[in-house]
>>> print(open('model11.tsv').read())   # TSV, C-alpha atoms and all ligand atoms
chain	number	residue	atom	x	y	z
A	1	MET	CA	32.47	9.49	141.73
A	2	GLU	CA	31.29	6.61	139.54
A	3	GLU	CA	30.98	7.00	135.79
A	4	LEU	CA	27.45	6.61	134.43
A	5	SER	CA	26.33	3.21	133.19
A	6	GLU	CA	24.79	2.93	129.75
A	7	GLU	CA	21.35	2.54	131.33
A	8	GLN	CA	21.75	5.54	133.62
A	9	SER	CA	22.93	7.71	130.80
A	10	GLN	CA	19.96	6.72	128.64
A	11	GLN	CA	17.59	7.45	131.49
A	12	LEU	CA	19.10	10.92	131.94
A	13	GLN	CA	18.95	11.64	128.23
A	14	VAL	CA	15.21	10.89	128.27
A	15	ALA	CA	14.80	13.15	131.32
A	16	LEU	CA	16.68	15.95	129.53
A	17	GLU	CA	14.54	15.67	126.43
A	18	GLY	CA	11.43	15.91	128.62
A	19	LEU	CA	12.86	18.94	130.41
A	20	LEU	CA	13.64	20.63	127.10
A	21	VAL	CA	9.99	20.39	126.02
A	22	ALA	CA	8.64	21.41	129.44
A	23	LEU	CA	10.91	24.46	129.71
A	24	GLN	CA	10.14	25.63	126.18
A	25	ASP	CA	6.44	25.28	126.98
A	26	ASP	CA	6.89	27.26	130.14
A	27	LEU	CA	8.57	30.10	128.24
A	28	GLU	CA	5.82	30.21	125.65
A	29	ARG	CA	3.13	30.34	128.27
A	30	SER	CA	4.80	33.11	130.28
A	31	ALA	CA	5.72	35.22	127.23
A	32	ALA	CA	2.53	37.28	127.35
A	33	ALA	CA	2.64	37.76	131.12
A	34	GLY	CA	6.19	39.11	130.94
A	35	GLN	CA	5.34	41.81	128.47
A	36	ALA	CA	5.64	45.45	129.46
A	37	VAL	CA	2.90	46.92	131.60
A	38	ASP	CA	1.14	49.65	129.67
A	39	LEU	CA	1.72	52.72	131.85
A	40	ASP	CA	-0.82	54.75	129.92
A	41	GLN	CA	-3.60	52.49	130.98
A	42	PRO	CA	-5.94	54.25	133.38
A	43	ILE	CA	-5.38	51.92	136.32
A	44	GLY	CA	-4.90	53.07	139.89
A	45	ARG	CA	-1.44	53.71	141.32
A	46	LEU	CA	-1.53	50.65	143.55
A	47	SER	CA	-2.67	48.26	140.87
A	48	ARG	CA	0.00	49.67	138.57
A	49	MET	CA	2.61	48.87	141.21
A	50	ASP	CA	1.10	45.43	141.56
A	51	ALA	CA	1.28	44.94	137.84
A	52	LEU	CA	4.93	46.06	137.73
A	53	GLN	CA	5.76	43.81	140.67
A	54	GLN	CA	4.04	40.90	138.99
A	55	GLN	CA	5.84	41.61	135.73
A	56	LYS	CA	9.22	41.67	137.49
A	57	MET	CA	8.51	38.31	139.08
A	58	VAL	CA	7.51	36.80	135.75
A	59	GLN	CA	10.65	38.19	134.11
A	60	ALA	CA	12.90	36.86	136.89
A	61	GLN	CA	11.25	33.47	136.59
A	62	ARG	CA	11.67	33.53	132.81
A	63	ALA	CA	15.35	34.39	133.19
A	64	ARG	CA	15.78	31.33	135.44
A	65	VAL	CA	13.94	29.12	132.96
A	66	GLN	CA	16.06	30.45	130.07
A	67	LEU	CA	19.25	29.77	132.01
A	68	ARG	CA	18.11	26.24	132.77
A	69	LEU	CA	17.05	25.69	129.17
A	70	GLY	CA	20.55	26.68	128.06
A	71	GLN	CA	22.03	24.14	130.46
A	72	VAL	CA	19.65	21.44	129.21
A	73	LYS	CA	20.66	22.15	125.60
A	74	ALA	CA	24.35	22.11	126.55
A	75	ALA	CA	23.87	18.79	128.35
A	76	LEU	CA	22.12	17.27	125.34
A	77	ALA	CA	24.93	18.52	123.09
A	78	ALA	CA	27.45	16.89	125.44
A	79	PHE	CA	25.82	13.52	124.69
A	80	GLY	CA	26.84	13.95	121.07
A	81	ARG	CA	30.47	14.48	122.10
A	82	ASP	CA	30.29	11.61	124.57
A	83	GLU	CA	31.09	14.03	127.36
A	84	TYR	CA	27.79	13.95	129.20
A	85	GLY	CA	28.09	13.54	132.95
A	86	GLU	CA	31.56	15.07	133.14
A	87	CYS	CA	32.08	18.23	135.15
A	88	ARG	CA	32.84	21.10	132.77
A	89	LEU	CA	35.46	22.44	135.17
A	90	CYS	CA	37.40	19.45	136.47
A	91	ALA	CA	36.17	16.75	134.00
A	92	GLU	CA	35.43	14.34	136.87
A	93	PRO	CA	32.16	12.35	136.65
A	94	ILE	CA	29.34	14.36	138.22
A	95	GLY	CA	27.65	11.22	139.48
A	96	PHE	CA	24.23	9.69	138.89
A	97	LYS	CA	22.74	10.79	142.20
A	98	ARG	CA	23.26	14.47	141.44
A	99	LEU	CA	22.32	14.11	137.78
A	100	SER	CA	19.07	12.33	138.58
A	101	VAL	CA	18.02	15.42	140.55
A	102	ARG	CA	19.40	17.92	138.01
A	103	PRO	CA	20.23	16.14	134.76
A	104	GLU	CA	21.41	19.45	133.25
A	105	ALA	CA	23.97	20.09	136.03
A	106	PRO	CA	27.18	21.32	134.33
A	107	PHE	CA	29.44	20.99	137.38
A	108	CYS	CA	30.19	18.43	140.07
A	109	VAL	CA	29.27	19.17	143.68
A	110	GLN	CA	32.81	20.26	144.60
A	111	CYS	CA	33.19	22.73	141.71
A	112	ARG	CA	29.68	24.01	142.26
A	113	SER	CA	30.22	24.78	145.93
A	114	ARG	CA	33.62	26.30	145.17
A	115	ALA	CA	31.96	28.61	142.63
A	116	GLU	CA	29.26	29.58	145.11
A	117	ARG	CA	31.80	30.51	147.77
A	118	SER	CA	33.85	32.76	145.52
C	1	ZN	ZN	34.17	19.51	139.03
>>> encode(input="model11.tsv", output="structure tokens", more="lines below")
Ligand SMILES: [Zn+2]
Amino acid sequence: MEELSEEQSQQLQVALEGLLVALQDDLERSAAAGQAVDLDQPIGRLSRMDALQQQKMVQAQRARVQLRLGQVKAALAAFGRDEYGECRLCAEPIGFKRLSVRPEAPFCVQCRSRAERS
């Protein structure tokens, strides 16, 4: 896999900074929706189940966003160490193609698929 050019790496840094803001926004907006359903509220049994279901979905979504936010922050920190774009497992370049889809990707395709199989 090719190392990133200066231009590619700048482009990805901008993308990561945009992602950071968007994900933080997302978490702020969903904070209220993820709060506990008040079980004392006099709502019907079905709508209570709906509310719990909805709450679970919001919480699962928030967990995914938080995980991604952590990866974005780690990727931005890697810029400071001049390690951005290297796989955190094998230290090979992750490659621009993959990073342009997921600029926060911590692993190369090989390590990622190895981790998914195990
Ligand atoms: Zn790797």
>>> atom_distance(input="model11.tsv", atom1="CA of Pro93 (chain A)", atom2="CA of Glu3 (chain A)")
5.5 Å
>>> closest_residue(input="model11.tsv", among="A:Leu99, A:Leu46, A:Met57, A:Cys90", to="ligand ZN 1 (chain C)", atoms="all atoms listed in the file")
A:Cys90
>>> residues_near_ligand(input="model11.tsv", ligand="ligand ZN 1 (chain C)", cutoff="7 Å", atoms="all atoms listed in the file", output="list in words")
Cys87, Arg88, Leu89, Cys90, Ala91, Glu92, Phe107, Cys108, Val109, Gln110 and Cys111 of chain A
>>> write_last_selection(input="model11.tsv", atoms="C-alpha atoms", output="CSV table (one decimal), in the frame of the given file")
chain,number,residue,atom,x,y,z
A,87,CYS,CA,32.1,18.2,135.2
A,88,ARG,CA,32.8,21.1,132.8
A,89,LEU,CA,35.5,22.4,135.2
A,90,CYS,CA,37.4,19.4,136.5
A,91,ALA,CA,36.2,16.8,134.0
A,92,GLU,CA,35.4,14.3,136.9
A,107,PHE,CA,29.4,21.0,137.4
A,108,CYS,CA,30.2,18.4,140.1
A,109,VAL,CA,29.3,19.2,143.7
A,110,GLN,CA,32.8,20.3,144.6
A,111,CYS,CA,33.2,22.7,141.7
>>> atom_distance(input="model11.tsv", atom1="CA of Asp50 (chain A)", atom2="CA of Arg68 (chain A)")
27.1 Å
>>> closest_residue(input="model11.tsv", among="A:Ala51, A:Val65, A:Leu76, A:Leu27", to="Val14 (chain A)", atoms="only C-alpha atoms")
A:Leu76
>>> atom_distance(input="model11.tsv", atom1="CA of Arg29 (chain A)", atom2="CA of Gln71 (chain A)")
20.0 Å
>>> closest_residue(input="model11.tsv", among="A:Leu69, A:Val21, A:Lys56, A:Gly85", to="Arg98 (chain A)", atoms="all atoms listed in the file")
A:Gly85
>>> residues_around(input="model11.tsv", residues="region 16-20 of chain A", least_positions_apart="4", cutoff="12 Å", atoms="all atoms listed in the file", output="CSV table (one decimal) with C-alpha atoms, keeping the file's coordinate frame")
chain,number,residue,atom,x,y,z
A,9,SER,CA,22.9,7.7,130.8
A,10,GLN,CA,20.0,6.7,128.6
A,11,GLN,CA,17.6,7.4,131.5
A,12,LEU,CA,19.1,10.9,131.9
A,24,GLN,CA,10.1,25.6,126.2
A,25,ASP,CA,6.4,25.3,127.0
A,26,ASP,CA,6.9,27.3,130.1
A,27,LEU,CA,8.6,30.1,128.2
A,65,VAL,CA,13.9,29.1,133.0
A,66,GLN,CA,16.1,30.4,130.1
A,67,LEU,CA,19.2,29.8,132.0
A,68,ARG,CA,18.1,26.2,132.8
A,69,LEU,CA,17.0,25.7,129.2
A,70,GLY,CA,20.6,26.7,128.1
A,71,GLN,CA,22.0,24.1,130.5
A,72,VAL,CA,19.6,21.4,129.2
A,73,LYS,CA,20.7,22.2,125.6
A,74,ALA,CA,24.4,22.1,126.6
A,75,ALA,CA,23.9,18.8,128.4
A,76,LEU,CA,22.1,17.3,125.3
A,77,ALA,CA,24.9,18.5,123.1
A,78,ALA,CA,27.4,16.9,125.4
A,79,PHE,CA,25.8,13.5,124.7
A,84,TYR,CA,27.8,14.0,129.2
A,99,LEU,CA,22.3,14.1,137.8
A,100,SER,CA,19.1,12.3,138.6
A,101,VAL,CA,18.0,15.4,140.6
A,102,ARG,CA,19.4,17.9,138.0
A,103,PRO,CA,20.2,16.1,134.8
A,104,GLU,CA,21.4,19.4,133.2
A,105,ALA,CA,24.0,20.1,136.0
>>> build_atoms(input="model11.tsv", residues="region 49-82 of chain A", atoms="N, CA and C atoms", output="PDB file, in the frame of the given file")
ATOM      1  N   MET A  49       1.457  49.420 140.508  1.00  0.00           N
ATOM      2  CA  MET A  49       2.610  48.870 141.210  1.00  0.00           C
ATOM      3  C   MET A  49       2.527  47.348 141.308  1.00  0.00           C
ATOM      4  N   ASP A  50       1.319  46.875 141.549  1.00  0.00           N
ATOM      5  CA  ASP A  50       1.100  45.430 141.560  1.00  0.00           C
ATOM      6  C   ASP A  50       1.479  44.807 140.238  1.00  0.00           C
ATOM      7  N   ALA A  51       1.031  45.467 139.175  1.00  0.00           N
ATOM      8  CA  ALA A  51       1.280  44.940 137.840  1.00  0.00           C
ATOM      9  C   ALA A  51       2.780  44.920 137.538  1.00  0.00           C
ATOM     10  N   LEU A  52       3.478  46.000 137.956  1.00  0.00           N
ATOM     11  CA  LEU A  52       4.930  46.060 137.730  1.00  0.00           C
ATOM     12  C   LEU A  52       5.647  44.988 138.536  1.00  0.00           C
ATOM     13  N   GLN A  53       5.204  44.817 139.783  1.00  0.00           N
ATOM     14  CA  GLN A  53       5.760  43.810 140.670  1.00  0.00           C
ATOM     15  C   GLN A  53       5.600  42.413 140.055  1.00  0.00           C
ATOM     16  N   GLN A  54       4.390  42.176 139.604  1.00  0.00           N
ATOM     17  CA  GLN A  54       4.040  40.900 138.990  1.00  0.00           C
ATOM     18  C   GLN A  54       4.909  40.654 137.751  1.00  0.00           C
ATOM     19  N   GLN A  55       5.054  41.709 136.958  1.00  0.00           N
ATOM     20  CA  GLN A  55       5.840  41.610 135.730  1.00  0.00           C
ATOM     21  C   GLN A  55       7.296  41.294 136.041  1.00  0.00           C
ATOM     22  N   LYS A  56       7.831  41.931 137.090  1.00  0.00           N
ATOM     23  CA  LYS A  56       9.220  41.670 137.490  1.00  0.00           C
ATOM     24  C   LYS A  56       9.411  40.221 137.899  1.00  0.00           C
ATOM     25  N   MET A  57       8.412  39.705 138.635  1.00  0.00           N
ATOM     26  CA  MET A  57       8.510  38.310 139.080  1.00  0.00           C
ATOM     27  C   MET A  57       8.489  37.358 137.884  1.00  0.00           C
ATOM     28  N   VAL A  58       7.606  37.654 136.943  1.00  0.00           N
ATOM     29  CA  VAL A  58       7.510  36.800 135.750  1.00  0.00           C
ATOM     30  C   VAL A  58       8.833  36.853 134.983  1.00  0.00           C
ATOM     31  N   GLN A  59       9.398  38.059 134.861  1.00  0.00           N
ATOM     32  CA  GLN A  59      10.650  38.190 134.110  1.00  0.00           C
ATOM     33  C   GLN A  59      11.805  37.472 134.799  1.00  0.00           C
ATOM     34  N   ALA A  60      11.839  37.553 136.140  1.00  0.00           N
ATOM     35  CA  ALA A  60      12.900  36.860 136.890  1.00  0.00           C
ATOM     36  C   ALA A  60      12.757  35.354 136.708  1.00  0.00           C
ATOM     37  N   GLN A  61      11.518  34.895 136.769  1.00  0.00           N
ATOM     38  CA  GLN A  61      11.250  33.470 136.590  1.00  0.00           C
ATOM     39  C   GLN A  61      11.653  33.023 135.182  1.00  0.00           C
ATOM     40  N   ARG A  62      11.315  33.858 134.191  1.00  0.00           N
ATOM     41  CA  ARG A  62      11.670  33.530 132.810  1.00  0.00           C
ATOM     42  C   ARG A  62      13.185  33.482 132.620  1.00  0.00           C
ATOM     43  N   ALA A  63      13.885  34.379 133.294  1.00  0.00           N
ATOM     44  CA  ALA A  63      15.350  34.390 133.190  1.00  0.00           C
ATOM     45  C   ALA A  63      15.912  33.080 133.739  1.00  0.00           C
ATOM     46  N   ARG A  64      15.319  32.603 134.856  1.00  0.00           N
ATOM     47  CA  ARG A  64      15.780  31.330 135.440  1.00  0.00           C
ATOM     48  C   ARG A  64      15.506  30.171 134.487  1.00  0.00           C
ATOM     49  N   VAL A  65      14.308  30.203 133.883  1.00  0.00           N
ATOM     50  CA  VAL A  65      13.940  29.120 132.960  1.00  0.00           C
ATOM     51  C   VAL A  65      14.870  29.138 131.742  1.00  0.00           C
ATOM     52  N   GLN A  66      15.179  30.348 131.243  1.00  0.00           N
ATOM     53  CA  GLN A  66      16.060  30.450 130.070  1.00  0.00           C
ATOM     54  C   GLN A  66      17.461  29.934 130.377  1.00  0.00           C
ATOM     55  N   LEU A  67      17.933  30.257 131.591  1.00  0.00           N
ATOM     56  CA  LEU A  67      19.250  29.770 132.010  1.00  0.00           C
ATOM     57  C   LEU A  67      19.261  28.248 132.053  1.00  0.00           C
ATOM     58  N   ARG A  68      18.193  27.690 132.641  1.00  0.00           N
ATOM     59  CA  ARG A  68      18.110  26.240 132.770  1.00  0.00           C
ATOM     60  C   ARG A  68      17.988  25.579 131.402  1.00  0.00           C
ATOM     61  N   LEU A  69      17.212  26.207 130.528  1.00  0.00           N
ATOM     62  CA  LEU A  69      17.050  25.690 129.170  1.00  0.00           C
ATOM     63  C   LEU A  69      18.401  25.630 128.458  1.00  0.00           C
ATOM     64  N   GLY A  70      19.213  26.668 128.654  1.00  0.00           N
ATOM     65  CA  GLY A  70      20.550  26.680 128.060  1.00  0.00           C
ATOM     66  C   GLY A  70      21.395  25.529 128.573  1.00  0.00           C
ATOM     67  N   GLN A  71      21.268  25.239 129.872  1.00  0.00           N
ATOM     68  CA  GLN A  71      22.030  24.140 130.460  1.00  0.00           C
ATOM     69  C   GLN A  71      21.538  22.788 129.929  1.00  0.00           C
ATOM     70  N   VAL A  72      20.220  22.685 129.751  1.00  0.00           N
ATOM     71  CA  VAL A  72      19.650  21.440 129.210  1.00  0.00           C
ATOM     72  C   VAL A  72      20.171  21.207 127.798  1.00  0.00           C
ATOM     73  N   LYS A  73      20.175  22.272 126.984  1.00  0.00           N
ATOM     74  CA  LYS A  73      20.660  22.150 125.600  1.00  0.00           C
ATOM     75  C   LYS A  73      22.149  21.783 125.582  1.00  0.00           C
ATOM     76  N   ALA A  74      22.917  22.407 126.478  1.00  0.00           N
ATOM     77  CA  ALA A  74      24.350  22.110 126.550  1.00  0.00           C
ATOM     78  C   ALA A  74      24.574  20.653 126.956  1.00  0.00           C
ATOM     79  N   ALA A  75      23.745  20.175 127.895  1.00  0.00           N
ATOM     80  CA  ALA A  75      23.870  18.790 128.350  1.00  0.00           C
ATOM     81  C   ALA A  75      23.541  17.817 127.219  1.00  0.00           C
ATOM     82  N   LEU A  76      22.483  18.134 126.462  1.00  0.00           N
ATOM     83  CA  LEU A  76      22.120  17.270 125.340  1.00  0.00           C
ATOM     84  C   LEU A  76      23.222  17.271 124.272  1.00  0.00           C
ATOM     85  N   ALA A  77      23.831  18.432 124.062  1.00  0.00           N
ATOM     86  CA  ALA A  77      24.930  18.520 123.090  1.00  0.00           C
ATOM     87  C   ALA A  77      26.126  17.701 123.570  1.00  0.00           C
ATOM     88  N   ALA A  78      26.325  17.648 124.887  1.00  0.00           N
ATOM     89  CA  ALA A  78      27.450  16.890 125.440  1.00  0.00           C
ATOM     90  C   ALA A  78      27.296  15.386 125.168  1.00  0.00           C
ATOM     91  N   PHE A  79      26.040  14.916 125.043  1.00  0.00           N
ATOM     92  CA  PHE A  79      25.820  13.520 124.690  1.00  0.00           C
ATOM     93  C   PHE A  79      26.469  13.190 123.346  1.00  0.00           C
ATOM     94  N   GLY A  80      26.305  14.136 122.411  1.00  0.00           N
ATOM     95  CA  GLY A  80      26.840  13.950 121.070  1.00  0.00           C
ATOM     96  C   GLY A  80      28.363  13.843 121.065  1.00  0.00           C
ATOM     97  N   ARG A  81      29.005  14.522 122.017  1.00  0.00           N
ATOM     98  CA  ARG A  81      30.470  14.480 122.100  1.00  0.00           C
ATOM     99  C   ARG A  81      30.949  13.397 123.054  1.00  0.00           C
ATOM    100  N   ASP A  82      29.961  12.653 123.603  1.00  0.00           N
ATOM    101  CA  ASP A  82      30.290  11.610 124.570  1.00  0.00           C
ATOM    102  C   ASP A  82      30.943  12.179 125.820  1.00  0.00           C
TER     103      ASP A  82
END
